[in-house]
$ cat final.cif   # mmCIF, C-alpha atoms
data_final
loop_
_atom_site.label_atom_id
_atom_site.label_comp_id
_atom_site.auth_asym_id
_atom_site.auth_seq_id
_atom_site.Cartn_x
_atom_site.Cartn_y
_atom_site.Cartn_z
CA MET C 1 89.31 99.68 102.10
CA PRO C 2 90.15 96.33 100.49
CA ARG C 3 88.59 95.70 97.10
CA PRO C 4 85.74 93.14 97.10
CA PRO C 5 86.89 89.63 96.19
CA ASN C 6 86.75 88.91 92.49
CA PRO C 7 85.58 85.36 91.65
CA GLU C 8 87.57 85.41 88.42
CA VAL C 9 90.82 86.12 90.33
CA ARG C 10 90.03 83.40 92.82
CA SER C 11 89.43 80.92 90.05
CA ARG C 12 92.70 81.92 88.32
CA LEU C 13 94.66 81.55 91.57
CA LEU C 14 93.20 78.07 91.98
CA SER C 15 93.82 76.79 88.48
CA ILE C 16 97.23 78.39 87.89
CA GLY C 17 98.34 77.83 91.48
CA ARG C 18 97.35 74.20 91.20
CA ALA C 19 99.52 73.78 88.12
CA VAL C 20 102.48 75.48 89.86
CA VAL C 21 102.15 73.26 92.95
CA HIS C 22 101.67 70.14 90.84
CA GLU C 23 104.86 70.87 88.92
CA HIS C 24 107.14 72.13 91.69
CA GLY C 25 105.66 70.79 94.92
CA PHE C 26 103.82 72.64 97.64
CA ASN C 27 106.70 73.78 99.83
CA ASN C 28 108.70 74.70 96.77
CA SER C 29 105.96 77.03 95.52
CA GLY C 30 105.79 80.27 97.47
CA VAL C 31 102.78 82.56 97.57
CA GLN C 32 105.03 84.89 95.55
CA GLU C 33 105.40 82.35 92.69
CA ILE C 34 101.71 81.45 92.76
CA THR C 35 100.46 85.03 92.61
CA GLN C 36 103.08 86.01 90.04
CA ALA C 37 102.09 83.10 87.78
CA ALA C 38 98.44 84.11 88.17
CA GLY C 39 99.27 87.76 87.46
CA VAL C 40 97.83 89.15 90.70
CA PRO C 41 99.49 91.15 93.52
CA LYS C 42 101.06 88.95 96.20
CA GLY C 43 99.05 90.56 98.98
CA SER C 44 95.74 89.63 97.39
CA PHE C 45 96.34 85.89 98.00
CA TYR C 46 95.08 86.21 101.57
CA ASN C 47 91.91 87.96 100.41
CA TYR C 48 90.95 84.63 98.88
CA PHE C 49 92.52 82.02 101.13
CA ASP C 50 92.94 82.02 104.90
CA SER C 51 96.31 80.32 104.66
CA LYS C 52 98.52 78.43 102.26
CA GLU C 53 97.18 75.22 103.86
CA SER C 54 93.59 76.11 103.11
CA PHE C 55 94.73 76.86 99.55
CA ALA C 56 96.16 73.30 99.43
CA ALA C 57 92.79 71.89 100.44
CA GLU C 58 91.06 73.91 97.72
CA ILE C 59 93.42 72.87 94.92
CA LEU C 60 92.94 69.25 95.97
CA GLU C 61 89.17 69.66 95.68
CA ASP C 62 89.66 71.38 92.34
CA TYR C 63 91.98 68.59 91.13
CA TRP C 64 89.55 65.87 92.13
CA GLN C 65 86.63 67.67 90.48
CA ALA C 66 88.66 67.96 87.28
CA ILE C 67 89.36 64.20 87.37
CA GLU C 68 85.69 63.46 88.02
CA LEU C 69 84.68 65.67 85.12
CA ARG C 70 87.22 64.24 82.69
CA HIS C 71 87.43 60.57 83.68
CA GLY C 72 84.50 60.04 86.05
CA PRO C 73 81.81 59.43 83.40
CA ILE C 74 83.63 56.27 82.29
CA LEU C 75 82.75 54.70 85.66
CA TYR C 76 79.05 55.25 84.96
CA ASP C 77 78.93 54.29 81.28
CA ALA C 78 75.90 51.98 81.19
CA ARG C 79 77.04 50.46 77.89
CA LEU C 80 80.06 48.84 79.58
CA LYS C 81 80.41 46.05 82.10
CA PRO C 82 81.48 47.45 85.47
CA LEU C 83 84.96 45.88 85.49
CA LEU C 84 85.67 47.18 82.00
CA ARG C 85 84.66 50.65 83.21
CA ILE C 86 87.27 50.44 85.95
CA GLU C 87 89.94 49.31 83.51
CA ARG C 88 89.12 52.14 81.11
CA PHE C 89 89.02 54.68 83.92
CA PHE C 90 92.59 53.85 84.92
CA ALA C 91 93.73 53.69 81.30
CA SER C 92 92.33 57.18 80.86
CA LEU C 93 94.06 58.49 84.01
CA THR C 94 97.30 56.90 82.83
CA GLN C 95 96.94 58.61 79.48
CA ASP C 96 97.01 61.95 81.34
CA HIS C 97 100.25 60.96 83.04
CA ARG C 98 101.70 59.88 79.69
CA GLU C 99 100.84 63.25 78.14
CA HIS C 100 102.95 64.90 80.83
CA GLY C 101 105.85 62.51 80.37
CA PHE C 102 105.11 60.94 83.78
CA VAL C 103 106.87 63.92 85.37
CA LEU C 104 104.10 65.37 87.48
CA GLY C 105 102.73 62.45 89.45
CA CYS C 106 99.27 62.54 90.99
CA LEU C 107 98.59 65.70 92.98
CA ILE C 108 96.78 63.64 95.61
CA GLY C 109 99.81 61.38 96.07
CA ASN C 110 102.26 64.27 95.95
CA LEU C 111 100.47 66.23 98.65
CA SER C 112 99.87 63.08 100.70
CA LEU C 113 103.57 62.58 101.09
CA GLU C 114 104.54 66.23 101.23
CA LEU C 115 101.92 67.59 103.62
CA ALA C 116 100.22 64.83 105.56
CA SER C 117 102.70 65.00 108.42
CA ASP C 118 102.62 68.78 108.80
CA SER C 119 99.07 69.92 108.06
CA ASP C 120 95.98 68.35 109.60
CA ASP C 121 93.64 70.35 107.35
CA THR C 122 95.30 69.06 104.20
CA ARG C 123 95.37 65.56 105.62
CA GLY C 124 91.61 65.71 106.24
CA LYS C 125 91.00 66.88 102.68
CA LEU C 126 93.25 64.15 101.29
CA ALA C 127 91.37 61.49 103.25
CA ASP C 128 88.08 62.93 101.97
CA VAL C 129 89.13 62.96 98.30
CA ILE C 130 90.63 59.45 98.42
CA GLY C 131 87.45 58.27 100.18
CA ARG C 132 85.28 59.64 97.34
CA TRP C 133 87.52 57.94 94.76
CA GLU C 134 87.23 54.71 96.72
CA GLY C 135 83.46 55.06 96.91
CA ALA C 136 83.11 55.49 93.14
CA LEU C 137 85.22 52.39 92.45
CA ALA C 138 83.42 50.38 95.15
CA THR C 139 80.07 51.07 93.47
CA CYS C 140 81.35 49.51 90.22
CA LEU C 141 82.88 46.59 92.12
CA ARG C 142 79.64 45.86 93.97
CA GLU C 143 77.74 45.92 90.70
CA ALA C 144 80.26 43.45 89.24
CA GLN C 145 79.85 41.20 92.28
CA GLU C 146 76.06 41.28 91.95
CA ARG C 147 76.35 40.39 88.27
CA ARG C 148 78.81 37.65 89.21
CA GLU C 149 81.45 39.16 86.96
CA LEU C 150 83.89 39.54 89.85
CA HIS C 151 84.93 36.32 91.57
CA SER C 152 86.55 38.05 94.51
CA GLU C 153 84.28 38.12 97.53
CA MET C 154 86.41 40.78 99.16
CA ASP C 155 84.53 43.75 100.57
CA SER C 156 84.15 46.17 97.64
CA ARG C 157 85.42 49.13 99.63
CA GLN C 158 88.52 47.24 100.69
CA LEU C 159 89.22 46.09 97.14
CA ALA C 160 88.77 49.67 95.90
CA ALA C 161 91.30 50.85 98.49
CA ILE C 162 93.82 48.24 97.35
CA ILE C 163 93.40 49.28 93.72
CA ILE C 164 93.94 52.97 94.54
CA GLU C 165 96.98 52.29 96.70
CA ALA C 166 98.59 50.08 94.06
CA TYR C 167 97.87 52.74 91.43
CA GLU C 168 99.39 55.54 93.51
CA GLY C 169 102.52 53.45 94.04
CA SER C 170 102.78 52.90 90.29
CA VAL C 171 102.39 56.60 89.56
CA MET C 172 105.21 57.26 92.04
CA ARG C 173 107.49 54.78 90.30
CA ALA C 174 106.60 56.21 86.89
CA LYS C 175 107.63 59.64 88.18
CA VAL C 176 111.00 58.34 89.37
CA GLU C 177 111.64 56.50 86.11
CA ARG C 178 109.98 59.06 83.81
CA SER C 179 108.58 56.06 82.05
CA GLY C 180 105.22 54.36 81.75
CA LYS C 181 106.52 50.89 82.65
CA ALA C 182 105.07 50.81 86.17
CA LEU C 183 101.70 52.05 84.93
CA GLU C 184 101.67 49.46 82.16
CA ARG C 185 102.34 46.80 84.79
CA PHE C 186 99.44 48.18 86.78
CA GLY C 187 97.07 48.04 83.80
CA LYS C 188 98.20 44.70 82.38
CA VAL C 189 99.09 42.69 85.48
CA VAL C 190 97.93 44.22 88.76
CA LEU C 191 94.45 45.30 87.80
CA PRO C 192 93.50 42.01 86.04
CA LEU C 193 94.79 40.12 89.11
CA LEU C 194 92.71 42.25 91.48
CA LEU C 195 89.62 42.22 89.25
CA HIS C 196 89.60 38.47 88.81
CA MET A 1 141.95 78.72 105.65
CA PRO A 2 138.93 76.39 105.92
CA ARG A 3 139.19 73.72 108.56
CA PRO A 4 139.65 70.17 107.25
CA PRO A 5 136.40 68.22 106.94
CA ASN A 6 135.50 66.30 110.07
CA PRO A 7 133.96 62.85 109.39
CA GLU A 8 132.04 63.01 112.65
CA VAL A 9 130.35 66.27 111.59
CA ARG A 10 129.55 64.83 108.20
CA SER A 11 128.00 61.78 109.78
CA ARG A 12 125.94 63.94 112.18
CA LEU A 13 124.71 66.13 109.33
CA LEU A 14 123.61 63.01 107.48
CA SER A 15 121.82 61.27 110.33
CA ILE A 16 120.21 64.33 111.92
CA GLY A 17 119.53 65.97 108.55
CA ARG A 18 117.89 62.78 107.36
CA ALA A 19 115.55 62.80 110.37
CA VAL A 20 114.68 66.47 109.77
CA VAL A 21 113.93 65.89 106.08
CA HIS A 22 111.97 62.71 106.82
CA GLU A 23 109.80 64.56 109.29
CA HIS A 24 109.28 67.89 107.53
CA GLY A 25 109.97 67.20 103.86
CA PHE A 26 112.93 68.26 101.76
CA ASN A 27 111.82 71.66 100.56
CA ASN A 28 110.47 72.46 103.98
CA SER A 29 113.86 71.80 105.61
CA GLY A 30 116.35 74.58 104.96
CA VAL A 31 120.11 74.22 105.30
CA GLN A 32 119.62 76.49 108.32
CA GLU A 33 117.31 74.00 110.08
CA ILE A 34 119.50 71.05 109.18
CA THR A 35 122.74 72.58 110.44
CA GLN A 36 121.04 74.00 113.52
CA ALA A 37 119.60 70.59 114.42
CA ALA A 38 123.03 69.05 113.91
CA GLY A 39 124.65 71.80 116.01
CA VAL A 40 127.10 72.97 113.34
CA PRO A 41 127.53 76.40 111.70
CA LYS A 42 125.32 76.92 108.66
CA GLY A 43 128.26 77.70 106.40
CA SER A 44 129.92 74.36 107.06
CA PHE A 45 127.16 72.45 105.22
CA TYR A 46 128.82 73.14 101.88
CA ASN A 47 132.15 71.85 103.14
CA TYR A 48 130.51 68.43 103.19
CA PHE A 49 127.96 68.52 100.39
CA ASP A 50 128.17 70.15 96.97
CA SER A 51 124.52 71.10 97.06
CA LYS A 52 121.31 70.39 98.89
CA GLU A 53 120.46 67.96 96.05
CA SER A 54 123.64 65.95 96.58
CA PHE A 55 122.76 65.90 100.28
CA ALA A 56 119.36 64.41 99.28
CA ALA A 57 121.13 61.64 97.37
CA GLU A 58 123.34 60.89 100.37
CA ILE A 59 120.52 60.71 102.90
CA LEU A 60 118.70 58.35 100.55
CA GLU A 61 121.75 56.09 100.44
CA ASP A 62 122.02 56.34 104.21
CA TYR A 63 118.32 55.52 104.63
CA TRP A 64 118.53 52.50 102.37
CA GLN A 65 121.64 51.22 104.15
CA ALA A 66 119.86 51.57 107.49
CA ILE A 67 116.93 49.53 106.14
CA GLU A 68 119.30 46.90 104.77
CA LEU A 69 121.06 46.68 108.10
CA ARG A 70 117.91 46.48 110.16
CA HIS A 71 115.52 44.49 107.96
CA GLY A 72 117.72 43.10 105.17
CA PRO A 73 118.99 39.98 107.02
CA ILE A 74 115.42 38.63 107.14
CA LEU A 75 115.53 38.24 103.36
CA TYR A 76 118.57 35.96 103.68
CA ASP A 77 117.51 33.92 106.71
CA ALA A 78 118.28 30.38 105.53
CA ARG A 79 115.99 28.90 108.18
CA LEU A 80 112.92 30.35 106.46
CA LYS A 81 111.20 29.62 103.17
CA PRO A 82 111.77 32.49 100.72
CA LEU A 83 108.15 33.67 100.61
CA LEU A 84 107.97 33.75 104.38
CA ARG A 85 111.13 35.86 104.40
CA ILE A 86 109.42 38.40 102.16
CA GLU A 87 106.34 38.47 104.38
CA ARG A 88 108.45 38.96 107.49
CA PHE A 89 110.57 41.64 105.81
CA PHE A 90 107.49 43.74 105.08
CA ALA A 91 106.01 43.06 108.52
CA SER A 92 109.25 44.34 110.00
CA LEU A 93 109.24 47.49 107.82
CA THR A 94 105.61 48.07 108.78
CA GLN A 95 106.51 47.78 112.46
CA ASP A 96 108.88 50.74 111.96
CA HIS A 97 106.04 52.79 110.49
CA ARG A 98 103.78 51.78 113.37
CA GLU A 99 106.38 52.92 115.90
CA HIS A 100 106.24 56.37 114.33
CA GLY A 101 102.46 56.48 114.29
CA PHE A 102 102.49 56.17 110.46
CA VAL A 103 103.29 59.90 110.34
CA LEU A 104 106.61 59.86 108.52
CA GLY A 105 106.02 57.71 105.46
CA CYS A 106 108.90 56.10 103.59
CA LEU A 107 111.73 58.51 102.80
CA ILE A 108 112.13 56.91 99.37
CA GLY A 109 108.46 57.50 98.58
CA ASN A 110 108.46 61.00 100.07
CA LEU A 111 111.45 62.14 98.05
CA SER A 112 110.17 60.37 94.93
CA LEU A 113 107.11 62.56 94.90
CA GLU A 114 108.76 65.71 96.23
CA LEU A 115 111.94 65.79 94.16
CA ALA A 116 111.69 63.52 91.13
CA SER A 117 110.36 66.28 88.91
CA ASP A 118 112.92 68.91 89.91
CA SER A 119 116.21 67.13 90.52
CA ASP A 120 117.75 64.64 88.09
CA ASP A 121 120.46 63.67 90.58
CA THR A 122 117.94 62.72 93.22
CA ARG A 123 115.83 60.92 90.66
CA GLY A 124 118.84 58.81 89.63
CA LYS A 125 119.55 57.93 93.25
CA LEU A 126 115.91 57.04 93.85
CA ALA A 127 115.87 54.74 90.81
CA ASP A 128 119.10 53.14 92.06
CA VAL A 129 117.82 52.49 95.59
CA ILE A 130 114.46 51.15 94.41
CA GLY A 131 116.33 48.95 91.92
CA ARG A 132 118.43 47.43 94.73
CA TRP A 133 115.32 46.81 96.80
CA GLU A 134 113.71 45.16 93.78
CA GLY A 135 116.81 43.03 93.22
CA ALA A 136 116.81 41.71 96.79
CA LEU A 137 113.14 40.75 96.60
CA ALA A 138 113.58 39.21 93.13
CA THR A 139 116.30 36.91 94.47
CA CYS A 140 113.88 35.50 97.05
CA LEU A 141 111.10 35.22 94.47
CA ARG A 142 113.33 33.28 92.05
CA GLU A 143 114.32 30.93 94.82
CA ALA A 144 110.64 30.36 95.62
CA GLN A 145 109.93 29.69 91.95
CA GLU A 146 112.78 27.17 91.74
CA ARG A 147 111.49 25.44 94.88
CA ARG A 148 107.99 25.51 93.36
CA GLU A 149 106.66 27.42 96.33
CA LEU A 150 105.47 30.28 94.15
CA HIS A 151 102.86 29.42 91.55
CA SER A 152 103.15 32.69 89.68
CA GLU A 153 105.33 32.38 86.62
CA MET A 154 105.68 36.12 86.38
CA ASP A 155 109.21 37.43 85.89
CA SER A 156 110.64 37.76 89.40
CA ARG A 157 111.87 41.28 88.81
CA GLN A 158 108.47 42.40 87.59
CA LEU A 159 106.72 40.79 90.55
CA ALA A 160 109.20 42.46 92.92
CA ALA A 161 108.41 45.83 91.32
CA ILE A 162 104.68 45.29 91.77
CA ILE A 163 105.15 44.40 95.43
CA ILE A 164 107.23 47.52 96.10
CA GLU A 165 104.82 49.81 94.28
CA ALA A 166 101.81 48.39 96.15
CA TYR A 167 103.70 48.77 99.42
CA GLU A 168 104.65 52.37 98.74
CA GLY A 169 101.02 53.18 97.92
CA SER A 170 99.95 51.62 101.22
CA VAL A 171 102.53 53.60 103.18
CA MET A 172 101.18 56.75 101.53
CA ARG A 173 97.63 55.91 102.57
CA ALA A 174 98.75 55.08 106.09
CA LYS A 175 100.36 58.52 106.30
CA VAL A 176 97.16 60.24 105.19
CA GLU A 177 95.04 58.24 107.62
CA ARG A 178 97.61 58.07 110.44
CA SER A 179 96.48 54.50 110.77
CA GLY A 180 97.87 51.09 109.96
CA LYS A 181 94.79 49.91 108.06
CA ALA A 182 96.31 50.20 104.59
CA LEU A 183 99.48 48.41 105.71
CA GLU A 184 97.44 45.63 107.32
CA ARG A 185 95.58 45.24 104.02
CA PHE A 186 98.92 45.02 102.27
CA GLY A 187 100.19 42.32 104.64
CA LYS A 188 97.00 40.29 104.89
CA VAL A 189 95.47 40.62 101.43
CA VAL A 190 97.78 42.10 98.80
CA LEU A 191 100.98 40.24 99.60
CA PRO A 192 99.32 36.78 99.89
CA LEU A 193 97.56 37.45 96.57
CA LEU A 194 100.83 38.40 94.85
CA LEU A 195 102.82 35.59 96.46
CA HIS A 196 100.34 32.90 95.54
#
$ encode --input "final.cif" --output "structure tokens"
Amino acid sequence: MPRPPNPEVRSRLLSIGRAVVHEHGFNNSGVQEITQAAGVPKGSFYNYFDSKESFAAEILEDYWQAIELRHGPILYDARLKPLLRIERFFASLTQDHREHGFVLGCLIGNLSLELASDSDDTRGKLADVIGRWEGALATCLREAQERRELHSEMDSRQLAAIIIEAYEGSVMRAKVERSGKALERFGKVVLPLLLH
Amino acid sequence: MPRPPNPEVRSRLLSIGRAVVHEHGFNNSGVQEITQAAGVPKGSFYNYFDSKESFAAEILEDYWQAIELRHGPILYDARLKPLLRIERFFASLTQDHREHGFVLGCLIGNLSLELASDSDDTRGKLADVIGRWEGALATCLREAQERRELHSEMDSRQLAAIIIEAYEGSVMRAKVERSGKALERFGKVVLPLLLH
């Protein structure tokens, strides 16, 4: 009889597995490596996840929730003007990339390019997470438009999408160069241009 | 005694292997799948490439040369104003993505996120290819600045980098959504804003 699932093991598989996938890529991280890093028997992986693809969807959710917890509050800081909140939010995200030497990239971007063509489940989760990110930025942008602090009359959701896409491209470049130059360009040139 | 290398086999491994990697990702495409698709014995792969990583560098070079051949001439079309050349170049690239249902993404972007953390050789090749792309765009941008058709006084190389990074982010989004919306945004909103 299989042992009942242990929430602590599940949580360890998610957090350690997420780190393994973020560092080495999804297809480069076998269930063997993930379970070994988490210190659990290989066979137990499938007690917690239906498939490696459903594991991918869960680590994406986990990653996004960690970002929301760590950086999200900046977007709702009532002391700051909405556009300044957006600038600080991205500066804070970029600081995370800097702390890892720009090596890891964004897990959302990494899995977008690695899995979106092969796995419809992961693709759906990616679209969902990016949509939530877009929604949070769009709320700030609309507030800025209402306060007439944003001159652009572009639809807030569309502008949020452009900001995210430009940011993801900069994170990609930073990963290739192992340097913060592209992210500095984003913060100093691209974002001010878009938030004019 | 090993048979002498056959240039035709090498060329087939590169073109078919590139298609396999572009569709399924690098780590998801074994030497077995690549040689099988190319119709050559598995063992012969290493007669042509020192390692799978050096193969990655060669397919990147091959991919970039194919882009230069197919889309590059637009950037040098003396009948067109330089900014219009840039717009048409990206419209032409986007048409390629559309023909593949936005499923594949850009091989440069895909390998940037999949390999840049694990393979220094691939990372060097990626930086090289992106640098050449940037150089070609920067030449057009400088010409536009000299002709006073570009108001931005931003360094042409920096502006070229921003354009490429925003484009790569849009290609990523298009892959997640299997839709051209992000690339239409790039062509209709982002590029005109950057080329103002």
$ residues_around --input "final.cif" --residues "Ile130 of chain A" --least-positions-apart "6" --cutoff "9 Å" --atoms "all atoms listed in the file" --output "list in words"
Arg173 of chain C; Ile108, Ala161 and Ile164 of chain A
$ residues_around --input "final.cif" --residues "segment 31-48 of chain A" --least-positions-apart "4" --cutoff "8 Å" --atoms "all atoms listed in the file" --output "mmCIF file with C-alpha atoms, in the coordinates of the input"
data_model
loop_
_atom_site.group_PDB
_atom_site.id
_atom_site.type_symbol
_atom_site.label_atom_id
_atom_site.label_comp_id
_atom_site.auth_asym_id
_atom_site.auth_seq_id
_atom_site.Cartn_x
_atom_site.Cartn_y
_atom_site.Cartn_z
ATOM 1 C CA PRO A 5 136.400 68.220 106.940
ATOM 2 C CA VAL A 9 130.350 66.270 111.590
ATOM 3 C CA ARG A 10 129.550 64.830 108.200
ATOM 4 C CA ARG A 12 125.940 63.940 112.180
ATOM 5 C CA LEU A 13 124.710 66.130 109.330
ATOM 6 C CA ILE A 16 120.210 64.330 111.920
ATOM 7 C CA GLY A 17 119.530 65.970 108.550
ATOM 8 C CA VAL A 20 114.680 66.470 109.770
ATOM 9 C CA LYS A 52 121.310 70.390 98.890
#
$ closest_atom_pairs --input "final.cif" --of "chain A" --to "chain C" --cutoff "8 Å" --atoms "all atoms listed in the file" --output "tab-separated table"
residue	atom	partner	partner_atom	distance
A:Glu23	CA	C:Ser117	CA	7.2
A:His24	CA	C:Asp118	CA	6.8
A:Gly25	CA	C:Glu114	CA	6.1
A:Asn27	CA	C:Asn27	CA	5.6
A:Asn28	CA	C:Asn27	CA	5.8
A:Val103	CA	C:Ser117	CA	5.5
A:Leu104	CA	C:Ser117	CA	6.5
A:Gly105	CA	C:Leu113	CA	7.0
A:Gly109	CA	C:Met172	CA	7.3
A:Asn110	CA	C:Leu113	CA	5.2
A:Ser112	CA	C:Val176	CA	6.0
A:Leu113	CA	C:Asn110	CA	5.2
A:Glu114	CA	C:Gly25	CA	6.1
A:Ala116	CA	C:Val176	CA	5.5
A:Ser117	CA	C:Val103	CA	5.5
A:Asp118	CA	C:His24	CA	6.9
A:Arg123	CA	C:Val176	CA	5.6
A:Gly124	CA	C:Val176	CA	7.9
A:Leu126	CA	C:Val176	CA	6.8
A:Ala127	CA	C:Val176	CA	6.2
A:Ala161	CA	C:Ala182	CA	7.9
A:Ile162	CA	C:Val190	CA	7.5
A:Ile164	CA	C:Gly169	CA	7.8
A:Glu165	CA	C:Gly169	CA	4.3
A:Ala166	CA	C:Ala166	CA	4.2
A:Tyr167	CA	C:Gly169	CA	7.2
A:Glu168	CA	C:Gly169	CA	5.3
A:Gly169	CA	C:Gly169	CA	4.2
A:Ser170	CA	C:Glu165	CA	5.4
A:Met172	CA	C:Leu113	CA	6.3
A:Arg173	CA	C:Glu165	CA	6.9
A:Lys175	CA	C:Ala116	CA	6.4
A:Val176	CA	C:Ala116	CA	5.5
A:Glu177	CA	C:Ala127	CA	6.6
A:Ala182	CA	C:Ile162	CA	7.9
A:Arg185	CA	C:Ile162	CA	7.5
A:Phe186	CA	C:Ile162	CA	7.8
A:Val190	CA	C:Ile162	CA	7.4
$ residues_around --input "final.cif" --residues "His71 of chain A" --least-positions-apart "2" --cutoff "7 Å" --atoms "only C-alpha atoms" --output "PyMOL selection string"
chain A and resi 67-69+73-74+89+92-93
$ resolve_selection --input "final.cif" --expression "the PyMOL selection byres ((chain A and resi 75) around 12)" --output "PyMOL selection string"
chain A and resi 67-74+76-92+133-141+143
$ atom_distance --input "final.cif" --atom1 "atom CA of Arg18 of chain A" --atom2 "atom CA of Ser119 of chain C"
20.1 Å
$ closest_residue --input "final.cif" --among "A:Glu8, A:Pro192, A:Ala160, A:Ser15" --to "Arg142 of chain A" --atoms "only C-alpha atoms"
A:Ala160
